[in-house]
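First up is the structure itself, then whatever we jot down about it.
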Amino acid sequence: MVFGATYACPSCRLRMARRDACPKCGGAVASLSDPSTRAAAAGGRAALPVASLAIGAATTALAAIGVARDMTALAASAGAVGLALAALVAWRDRRRTGAAQPLRVYAPEADEEGTTPDEVVGIARRATVAIESPLGGESCLAFGLRGAAVGGEVDDADGGDFDVVVSGGGVVMVSLEHAVLLPMDGDEPRTLPSGEEHRLESFLRERGLAASAPLTLAESRLGEGDTVRVVGRVRGAAVVAEGSKPRSRVLAGEPDAPLVVTVVARARA
Ligand SMILES: [Zn+2]
């Protein structure tokens, strides 16, 4: 379950955490908070391939005014026009067929090769926010949901950066910017009671999905006091001040090597 997968490549039908380029096509990745990205992701009204058309038009214009005098430039301009036409045809087909394929969540494999990730095991402690899990309604530091909603797959997590108190009293802060939460045994699917869809509305909308009933999702929860294992990479020797208590280490992930959070044991009630 991926934290913050609120960006998408509409043409690859992939949803992902913030990153510079689509891992599949290398194209631009856009935030789903942008209505035009959401519309393109929903597939109802595909966006005009403006960039391709502009390149095609500009190249054609350059050729027309005589900039492209030799054959190489002419060939390049023909190629650009071809690309623009292909983009236009794809756009027209998407409009004609209407709905696009559902969005899939892109979850890069955790980096376990060639490098030595850092592992921390300890007790989870609130560092930023405590939130309410949307299905169980329980206070937690982070939660994950798996299943399907209108518009695509749900394989998502949300929460605030938290601390891990290791034995001996050291504290490591966990950054969830590029992170995944692994499901725990016993995270059974539950159906959101009818009329309670609003609890998931903003969470799903931020991900280009709709909260239509019935919503059946498996919920995972990381609670305060739970024992967690976090695998990522210690960032430098950063000291993050928390009042008079400095945190000596920050554990974080990267776009292609996300931090992995596993709940090892529940806190005793
Ligand atoms: Zn792509």
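The chains in the structure tokens are called A, B, ... from first to last as shown; in each chain the residues are counted from 1, and the ligands are counted from 1 in the order shown.
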
Report as an mmCIF file with C-alpha atoms, in the first residue's frame which protein, DNA and RNA residues come within 12 Å of ligand 1, using only C-alpha atoms and all ligand atoms.
```cif
data_model
loop_
_atom_site.group_PDB
_atom_site.id
_atom_site.type_symbol
_atom_site.label_atom_id
_atom_site.label_comp_id
_atom_site.auth_asym_id
_atom_site.auth_seq_id
_atom_site.Cartn_x
_atom_site.Cartn_y
_atom_site.Cartn_z
ATOM 1 C CA TYR A 7 0.100 11.594 -9.104
ATOM 2 C CA ALA A 8 -0.680 9.883 -12.382
ATOM 3 C CA CYS A 9 0.448 9.145 -15.905
ATOM 4 C CA PRO A 10 -2.956 9.096 -17.632
ATOM 5 C CA SER A 11 -1.599 7.477 -20.800
ATOM 6 C CA CYS A 12 -0.065 4.520 -18.921
ATOM 7 C CA ARG A 13 -3.068 4.353 -16.559
ATOM 8 C CA LEU A 14 -0.664 4.400 -13.593
ATOM 9 C CA ARG A 15 -1.041 6.170 -10.289
ATOM 10 C CA MET A 16 2.024 6.775 -8.116
ATOM 11 C CA ARG A 19 8.262 11.566 -8.934
ATOM 12 C CA ASP A 20 9.890 13.302 -11.881
ATOM 13 C CA ALA A 21 8.816 10.999 -14.684
ATOM 14 C CA CYS A 22 6.550 8.036 -15.370
ATOM 15 C CA PRO A 23 8.470 4.774 -14.649
ATOM 16 C CA LYS A 24 6.897 3.137 -17.710
ATOM 17 C CA CYS A 25 6.935 5.719 -20.519
ATOM 18 C CA GLY A 26 9.269 8.361 -19.084
ATOM 19 C CA GLY A 27 6.646 11.013 -19.744
ATOM 20 C CA ALA A 28 5.461 13.734 -17.436
ATOM 21 C CA VAL A 29 3.629 12.854 -14.224
ATOM 22 C CA ALA A 30 0.833 15.181 -13.123
ATOM 23 C CA ALA A 41 -7.303 9.841 -15.474
ATOM 24 C CA LEU A 103 -5.881 3.255 -12.870
ATOM 25 C CA ARG A 104 -3.363 0.847 -11.408
ATOM 26 C CA TYR A 106 2.549 1.757 -9.251
#
```

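Of the listed residues (A:Val264, A:Val180, A:Ala218, A:Leu204), A:Leu204 comes nearest to Ser33 of chain A; the distances count only C-alpha atoms.
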
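In this comparison, which uses only C-alpha atoms, the residue of A:Gly253, A:Gly151, A:Gly225, A:Pro183 approaching Ala211 of chain A most closely is A:Gly151.
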
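Restricting the calculation to only C-alpha atoms, the smallest distance between Ala267 of chain A and any of A:Arg235, A:Leu251, A:Leu181, A:Leu222 is found for A:Leu222.
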
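Pairwise distance (atom CA of Ala213 of chain A, atom CA of Glu197 of chain A) equals 6.8 Å.
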
_Between atom CA of Glu219 of chain A and atom CA of Leu259 of chain A, what is the distance in Å, rounded to a tenth?_
19.6 Å

Residues within 10 Å of Glu132 of chain A, only C-alpha atoms, excluding chain neighbours under 3 positions, as a PDB file with N, CA and C atoms, in the first residue's frame:
```
ATOM      1  N   LEU A 135     -12.289   3.126   7.929  1.00  0.00           N
ATOM      2  CA  LEU A 135     -13.287   2.060   8.054  1.00  0.00           C
ATOM      3  C   LEU A 135     -13.525   1.687   9.517  1.00  0.00           C
ATOM      4  N   GLY A 136     -12.437   1.485  10.241  1.00  0.00           N
ATOM      5  CA  GLY A 136     -12.592   1.067  11.628  1.00  0.00           C
ATOM      6  C   GLY A 136     -12.850   2.234  12.578  1.00  0.00           C
ATOM      7  N   GLY A 137     -12.562   3.444  12.116  1.00  0.00           N
ATOM      8  CA  GLY A 137     -12.778   4.610  12.968  1.00  0.00           C
ATOM      9  C   GLY A 137     -11.876   4.633  14.193  1.00  0.00           C
ATOM     10  N   GLU A 138     -10.687   4.023  14.067  1.00  0.00           N
ATOM     11  CA  GLU A 138      -9.778   3.984  15.217  1.00  0.00           C
ATOM     12  C   GLU A 138      -8.630   4.978  15.030  1.00  0.00           C
ATOM     13  N   SER A 139      -8.172   5.538  16.126  1.00  0.00           N
ATOM     14  CA  SER A 139      -7.055   6.467  16.064  1.00  0.00           C
ATOM     15  C   SER A 139      -5.794   5.700  15.666  1.00  0.00           C
ATOM     16  N   CYS A 140      -5.013   6.272  14.780  1.00  0.00           N
ATOM     17  CA  CYS A 140      -3.795   5.589  14.339  1.00  0.00           C
ATOM     18  C   CYS A 140      -2.782   6.607  13.831  1.00  0.00           C
ATOM     19  N   LEU A 141      -1.575   6.115  13.568  1.00  0.00           N
ATOM     20  CA  LEU A 141      -0.531   6.963  12.998  1.00  0.00           C
ATOM     21  C   LEU A 141      -0.549   6.886  11.475  1.00  0.00           C
ATOM     22  N   ALA A 142      -0.972   5.734  10.971  1.00  0.00           N
ATOM     23  CA  ALA A 142      -1.071   5.541   9.522  1.00  0.00           C
ATOM     24  C   ALA A 142      -2.054   4.406   9.270  1.00  0.00           C
ATOM     25  N   PHE A 143      -2.648   4.424   8.089  1.00  0.00           N
ATOM     26  CA  PHE A 143      -3.523   3.306   7.722  1.00  0.00           C
ATOM     27  C   PHE A 143      -3.307   2.968   6.258  1.00  0.00           C
ATOM     28  N   GLY A 159      -0.968   8.807   6.264  1.00  0.00           N
ATOM     29  CA  GLY A 159      -0.564   8.986   7.653  1.00  0.00           C
ATOM     30  C   GLY A 159       0.470  10.083   7.752  1.00  0.00           C
ATOM     31  N   ARG A 199     -16.674   9.522   4.413  1.00  0.00           N
ATOM     32  CA  ARG A 199     -15.433   9.314   5.180  1.00  0.00           C
ATOM     33  C   ARG A 199     -14.243   9.053   4.267  1.00  0.00           C
ATOM     34  N   ARG A 221      -3.733  -0.963   9.842  1.00  0.00           N
ATOM     35  CA  ARG A 221      -3.579   0.185  10.731  1.00  0.00           C
ATOM     36  C   ARG A 221      -2.245   0.083  11.464  1.00  0.00           C
TER      37      ARG A 221
END
```

*Which one is closest to Pro35 of chain A: A:His178, A:Arg266, A:Arg205, A:Arg249? Count only C-alpha atoms.*
A:Arg205

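Of the listed residues A:His198, A:Arg126, A:Arg268, A:Arg146, the one whose atoms come nearest to Met184 of chain A is A:Arg146, with distances taken using only C-alpha atoms.
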
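Atom pair atom CA of Gly147 of chain A / atom CA of Val174 of chain A: separated by 26.0 Å.
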
*Pro117 of chain A: which residues within 12 Å, counting only C-alpha atoms, same-chain residues fewer than 6 positions away excluded, as a PyMOL selection string?*
chain A and resi 110-111+230-235+251-254+257-260
